[in-house]
Amino acid sequence: MKNSGQLLSGADIFFECLRQEKVEYIFGYPGGAVLKIYEHLFDVDFLKHILVRHEQGAVHAAEGYAKASGKVGVVLVTSGPGATNTVTGIADAYMDSIPIVVFTGQVSSHLIGNDAFQEADIVGITRPITKHNFLVRNVKELAPTIRKAFYIAASGRPGPVVVDLPKDVIAAKCHFHYPEEVDLRGYKPTYKGHTNQIKKAAEIIAKAKRPLLYVGGGVIMSGSSEELKIFARENKLPVTMTLQGLGAFPGSDELSLGMLGMHGTYWANRAVDSCDVLVSLGARFDDRVTGKVDTFCTKAYKIHVDIDPTAIDKNVVVDLPIVGDVKHVLAELAAEMNAKPDTSAWLAQINEWREECPLSYDDKDGRLRTEFVIERICEKTNGDAVVVTDVGQHQMWTAQYYKYNTPRSNLTSGGLGTMGFSLPASIGAAFAVPDRTVISISGDGGFQMNIQELTTAAANKLPIKIFIINNSFLGMVRQWQELFHQEKFSFTDLSASNPDFVKVGEAFGIESYTTSDPKEVDGLLEKALAVKDRPVLVEFRVVKADMVFPMIPSGASISDMMVKRLNPKRML
Amino acid sequence: MKHTISVLVENHFGSFDRVATMFSGKGFNIRSISVGETEIEEISRMTIVTEGDDQIIDQFVKQLNRLIDTIKVVDLTGSPRVERELALIKVTVPKGAMEEIKNINDIFRGNIVDITNKSMTVEVTGPPDKIDAAINLLSAFGIKEIARSGIVALKRGEQVRIIKEKNLTT
């Protein structure tokens with residue numbers, strides 16, 4: 001190993017560790033407490049530092065990088081406000097189990113606790129939103145801590161790890177040794193599932209009349225999309241996906257039912273309600289999926305495969321838990337299948353539901369609608385782009401209408417629901433997979449939450465297609481106001497205050513377009529997709545007051561599913 | 001139902017905090033908690049008394065296990081165990097009551113550890129219900145202050161060597 005055993009400063013050790021971890025990119029922002037690291041960064045050639053314009057953007061970029069590439073995303077920020085600005089991003093990564101390591105500067109050890117300039121107890125602040133965090137108290141601990149941080153972030157159920165680096169630790173020197181192995185006696189993730197449980201699962205699936213695979217982000221994270229495809233197709237098992245699971249199984253496959261849950265398809269939710277065996281793979285039965293737990297999937301024998309034992313029986317009590325990595329379990333499960341279930345009648349039934357209530361929107365009045373825009377994007381990219389959405393209506397419509405064909409293509413803030421996620425996350429994705437088309441889709445509200453990252457996209461000439469779905473409203477909040485809050489559209493109308501998005505884009509040096517005409521959409525998409533060496537921004541001015549359907553209201557049952565607007569007078 | 005849970009944690013910076021933060025973050029209800037060193041220097045034992053139905057306790061134990069700093073989590077409820085708590089009870093001493101308080105103290109095999117002409121501090125050790133009984137009897141005189149340690153507990157019988165072996169933590 002290079003430089004092993006040498007007397008190095010904390011800053012040099014920091015970079016040697018990153019070299020060992022094969023880090024390609026750091027997303028960061030300099031400041032007082034990390035000046036020493038930035039001093040050394042100046043001469044580092046084996047990785048690239050991407051200067052963001054706000055620390056929250058750095059974390060989302062690292063998340064985007066991690067989700068698109070499957071590698072660990074790395075963030076470097078200063079102490080105090082630099083560190084606290086990362087909090088939303090860290091919470092986001094925690095909720096969606098994204099492997100990132102966030103290095104925060106800290107004031108010198110002797111000043112900790114003194115309310116020193118730019119001091120914040122970031123280890124205390126991030127304790128409940130990290131998989132683990134560290135304060136490095138001695139330069140000798142630096143290399144072992146970084147080794148542990150990367151190991152913890154990426155192994156088991158992935159998640160964010162914070163490493164707090166006091167200024168004096170970075171300046172101090174010691175002999176560098178990078179530990180080859182990590183031994184954490186309190187942390188041993190279980191990868192291999194229990195053999196007898198898997199055997200039992202195989203028997204039950206083989207005998208099922210109405211089996212259903214319920215697939216979450218765990219399938220993508222564990223890299224088992226291929227195994228899933230083979231397993232589902234071999235046994236003719238229909239597949240429904242969570243928001244994070246989209247892309248785990250091709251959306252265009254006839255066995256795909258699309259997304260389930262609150263804004264899931266009618267047929268996926270009917271299938272969940274009627275199935276007799278539900279096999280959950282790397283999903284966690286969250287409330288947006290289950291609605292009212294008492295009425296969720298009551299007829300089925302439930303098999304739950306998850307690497308995180310705490311996910312089991314947390315929200316929904318299951319009949320057969322299998323703790324393990326989906327990839328291992330799926331491989332074993334496939335091998336244990338001695339017979340195939342006969343699902344032809346079941347698939348026919350699902351297809352009837354599919355025809356009974358398809359996804360639909362009004363395309364007769366000549367006005368531009370989000371659903372149409374997403375359909376066109378899907379068509380123009382063959383479902384093969386990396387699509388990074390923000391949070392709200394456009395996110396749900398993208399989940400419904402964009403048929404993701406491949407894993408690591410759907411990047412969205414699911415658990416935390418962080419507005420402002422899309423633009424910075426798409427920057428991370430653009431670095432991670434430079435050969436793929438990266439599309440950022442935001443609403444007019446969320447776009448303004450990390451709008452400063454337009455600079456980062458422009459400065460790095462990233463060929464991101466920045467699409468803004470502008471309905472001049474905080475659309476999803478508006479939808480809830482209309483449905484559940486007596487049509488009091490309190491502080492959701494942005495029409496009078498929104499900026500001119502084309503001028504905004506141009507001010508950042510980004511070629512920008514706008515349209516509200518469905519006939520112009522294809523042309524603009526083609527133009528944007530043809531650009532390979534810089535970002536392009538397109539604003540789609542859509543109908544103001546459309547709502548996302550189907551919808552199962554929060555905490556309600558499938559029988560409460562709304563499939564269309566009951567009060568059409570509200571359509572603007 | 002009440003559960004006594006024994007947790008071995010890494011005895012380093014922030015690990016108790018992590019356990020405590022987990023309780024508040026997950027909304028678990030804690031009756032008592034005690035922390036102290038063990039026979040191995042870098043490991044502490046936390047003894048936690050909590051309440052809840054089986055599903056909640058199951059989650060509680062799993063969530064504790066999930067923390068990187070916890071080495072072993074055992075729900076002692078249902079297995080033979082020794083549970084002890086220590087209480088310091090400061091009692092008002094009304095005129096002429098000193099002898100009676102001394103008698104109560106003797107019955108509970110306590111120690112009088114501090115005395116003035118107006119108050120006495122009684123130290124009682126035992127299972128929590130014994131402490132409750134002592135407090136109950138002493139409350140007739142007027143209690144000024146109570147400090148209870150929270151329960152510490154160990155399984156009865158042979159010690160389970162779980163600590164230094166690498167593979168026993170899964």
# chains A, B, ... in the order shown; residues from 1 in each chain; ligands from 1
$ select_by_dssp --residues "stretch 67-140 of chain B" --states "helix (DSSP H, G or I)" --output "ChimeraX atom specification"
/B:98-107,128-140
$ closest_atom_pairs --of "chain A" --to "chain B" --cutoff "8 Å" --atoms "only C-alpha atoms" --output "JSON lines"
{"residue": "A:Arg127", "atom": "CA", "partner": "B:Arg18", "partner_atom": "CA", "distance": 6.7}
{"residue": "A:Pro128", "atom": "CA", "partner": "B:Thr21", "partner_atom": "CA", "distance": 6.5}
{"residue": "A:Lys131", "atom": "CA", "partner": "B:Leu67", "partner_atom": "CA", "distance": 7.9}
{"residue": "A:His132", "atom": "CA", "partner": "B:Ile68", "partner_atom": "CA", "distance": 6.8}
{"residue": "A:Leu184", "atom": "CA", "partner": "B:Ile68", "partner_atom": "CA", "distance": 7.7}
{"residue": "A:Arg185", "atom": "CA", "partner": "B:Thr169", "partner_atom": "CA", "distance": 6.1}
{"residue": "A:Gly186", "atom": "CA", "partner": "B:Ile71", "partner_atom": "CA", "distance": 4.1}
{"residue": "A:Tyr187", "atom": "CA", "partner": "B:Ile68", "partner_atom": "CA", "distance": 5.3}
{"residue": "A:Lys188", "atom": "CA", "partner": "B:Thr170", "partner_atom": "CA", "distance": 5.8}
{"residue": "A:Pro189", "atom": "CA", "partner": "B:Thr170", "partner_atom": "CA", "distance": 7.7}
{"residue": "A:Thr190", "atom": "CA", "partner": "B:Thr170", "partner_atom": "CA", "distance": 7.8}
{"residue": "A:Pro309", "atom": "CA", "partner": "B:Lys62", "partner_atom": "CA", "distance": 6.7}
{"residue": "A:Thr310", "atom": "CA", "partner": "B:Lys62", "partner_atom": "CA", "distance": 5.4}
{"residue": "A:Asp313", "atom": "CA", "partner": "B:Gln55", "partner_atom": "CA", "distance": 7.5}
{"residue": "A:Lys314", "atom": "CA", "partner": "B:Gln59", "partner_atom": "CA", "distance": 6.7}
$ write_last_selection --atoms "N, CA and C atoms" --output "PDB file, in the first residue's frame"
ATOM      1  N   ARG A 127     -27.379  12.124  15.284  1.00  0.00           N
ATOM      2  CA  ARG A 127     -27.429  10.772  15.851  1.00  0.00           C
ATOM      3  C   ARG A 127     -28.687   9.996  15.407  1.00  0.00           C
ATOM      4  N   PRO A 128     -29.875  10.608  15.498  1.00  0.00           N
ATOM      5  CA  PRO A 128     -31.051   9.817  15.102  1.00  0.00           C
ATOM      6  C   PRO A 128     -31.283   9.718  13.591  1.00  0.00           C
ATOM      7  N   LYS A 131     -26.929   6.108  10.169  1.00  0.00           N
ATOM      8  CA  LYS A 131     -26.769   4.700  10.535  1.00  0.00           C
ATOM      9  C   LYS A 131     -25.769   4.630  11.685  1.00  0.00           C
ATOM     10  N   HIS A 132     -24.756   5.466  11.598  1.00  0.00           N
ATOM     11  CA  HIS A 132     -23.792   5.600  12.690  1.00  0.00           C
ATOM     12  C   HIS A 132     -23.036   6.908  12.482  1.00  0.00           C
ATOM     13  N   LEU A 184     -16.307  -5.067  13.772  1.00  0.00           N
ATOM     14  CA  LEU A 184     -17.223  -4.383  14.677  1.00  0.00           C
ATOM     15  C   LEU A 184     -18.050  -5.468  15.354  1.00  0.00           C
ATOM     16  N   ARG A 185     -17.752  -5.731  16.623  1.00  0.00           N
ATOM     17  CA  ARG A 185     -18.419  -6.876  17.262  1.00  0.00           C
ATOM     18  C   ARG A 185     -19.912  -6.640  17.421  1.00  0.00           C
ATOM     19  N   GLY A 186     -20.335  -5.379  17.379  1.00  0.00           N
ATOM     20  CA  GLY A 186     -21.762  -5.097  17.529  1.00  0.00           C
ATOM     21  C   GLY A 186     -22.493  -4.975  16.202  1.00  0.00           C
ATOM     22  N   TYR A 187     -21.803  -5.295  15.093  1.00  0.00           N
ATOM     23  CA  TYR A 187     -22.426  -5.090  13.785  1.00  0.00           C
ATOM     24  C   TYR A 187     -22.040  -6.206  12.837  1.00  0.00           C
ATOM     25  N   LYS A 188     -22.936  -7.147  12.653  1.00  0.00           N
ATOM     26  CA  LYS A 188     -22.696  -8.249  11.713  1.00  0.00           C
ATOM     27  C   LYS A 188     -23.966  -8.460  10.895  1.00  0.00           C
ATOM     28  N   PRO A 189     -24.092  -7.789   9.770  1.00  0.00           N
ATOM     29  CA  PRO A 189     -25.312  -7.956   8.969  1.00  0.00           C
ATOM     30  C   PRO A 189     -25.477  -9.409   8.503  1.00  0.00           C
ATOM     31  N   THR A 190     -26.708  -9.830   8.435  1.00  0.00           N
ATOM     32  CA  THR A 190     -27.018 -11.190   7.984  1.00  0.00           C
ATOM     33  C   THR A 190     -27.294 -11.148   6.486  1.00  0.00           C
ATOM     34  N   PRO A 309     -33.498  -6.708  10.226  1.00  0.00           N
ATOM     35  CA  PRO A 309     -34.476  -7.411  11.070  1.00  0.00           C
ATOM     36  C   PRO A 309     -35.540  -6.470  11.655  1.00  0.00           C
ATOM     37  N   THR A 310     -35.196  -5.204  11.832  1.00  0.00           N
ATOM     38  CA  THR A 310     -36.187  -4.292  12.423  1.00  0.00           C
ATOM     39  C   THR A 310     -37.325  -3.981  11.458  1.00  0.00           C
ATOM     40  N   ASP A 313     -42.090  -7.213  10.855  1.00  0.00           N
ATOM     41  CA  ASP A 313     -43.138  -7.049  11.878  1.00  0.00           C
ATOM     42  C   ASP A 313     -43.200  -5.634  12.445  1.00  0.00           C
ATOM     43  N   LYS A 314     -42.601  -4.674  11.776  1.00  0.00           N
ATOM     44  CA  LYS A 314     -42.626  -3.305  12.306  1.00  0.00           C
ATOM     45  C   LYS A 314     -43.987  -2.666  12.049  1.00  0.00           C
TER      46      LYS A 314
END
$ select_by_dssp --residues "stretch 52-92 of chain A" --states "strand (DSSP E)" --output "list in words"
Gly73, Val74, Val75, Leu76 and Val77 of chain A
$ closest_residue --among "B:Ile131, B:Val49, B:Val91, B:Met1" --to "B:Phe108" --atoms "only C-alpha atoms"
B:Ile131
$ residues_around --residues "stretch 84-88 of chain B" --least-positions-apart "3" --cutoff "10 Å" --atoms "only C-alpha atoms" --output "PyMOL selection string"
chain B and resi 34+81+91+110-114+121-132+134-135+145-154
$ residues_around --residues "A:Met449" --least-positions-apart "3" --cutoff "9 Å" --atoms "only C-alpha atoms" --output "PDB file with N, CA and C atoms, in the first residue's frame"
ATOM      1  N   MET A 419     -38.392  18.141  -0.808  1.00  0.00           N
ATOM      2  CA  MET A 419     -38.439  19.042  -1.959  1.00  0.00           C
ATOM      3  C   MET A 419     -37.047  19.643  -2.152  1.00  0.00           C
ATOM      4  N   GLY A 420     -36.658  19.831  -3.392  1.00  0.00           N
ATOM      5  CA  GLY A 420     -35.329  20.357  -3.682  1.00  0.00           C
ATOM      6  C   GLY A 420     -34.309  19.253  -3.900  1.00  0.00           C
ATOM      7  N   PHE A 421     -34.756  18.006  -3.912  1.00  0.00           N
ATOM      8  CA  PHE A 421     -33.858  16.853  -4.075  1.00  0.00           C
ATOM      9  C   PHE A 421     -33.358  16.715  -5.511  1.00  0.00           C
ATOM     10  N   GLY A 445     -42.350  24.573  -7.305  1.00  0.00           N
ATOM     11  CA  GLY A 445     -42.049  24.810  -5.891  1.00  0.00           C
ATOM     12  C   GLY A 445     -40.705  24.234  -5.505  1.00  0.00           C
ATOM     13  N   GLY A 446     -40.544  22.931  -5.681  1.00  0.00           N
ATOM     14  CA  GLY A 446     -39.319  22.246  -5.285  1.00  0.00           C
ATOM     15  C   GLY A 446     -38.094  22.755  -6.015  1.00  0.00           C
ATOM     16  N   GLN A 452     -29.922  27.122  -6.476  1.00  0.00           N
ATOM     17  CA  GLN A 452     -28.520  27.556  -6.574  1.00  0.00           C
ATOM     18  C   GLN A 452     -27.640  26.529  -7.265  1.00  0.00           C
TER      19      GLN A 452
END
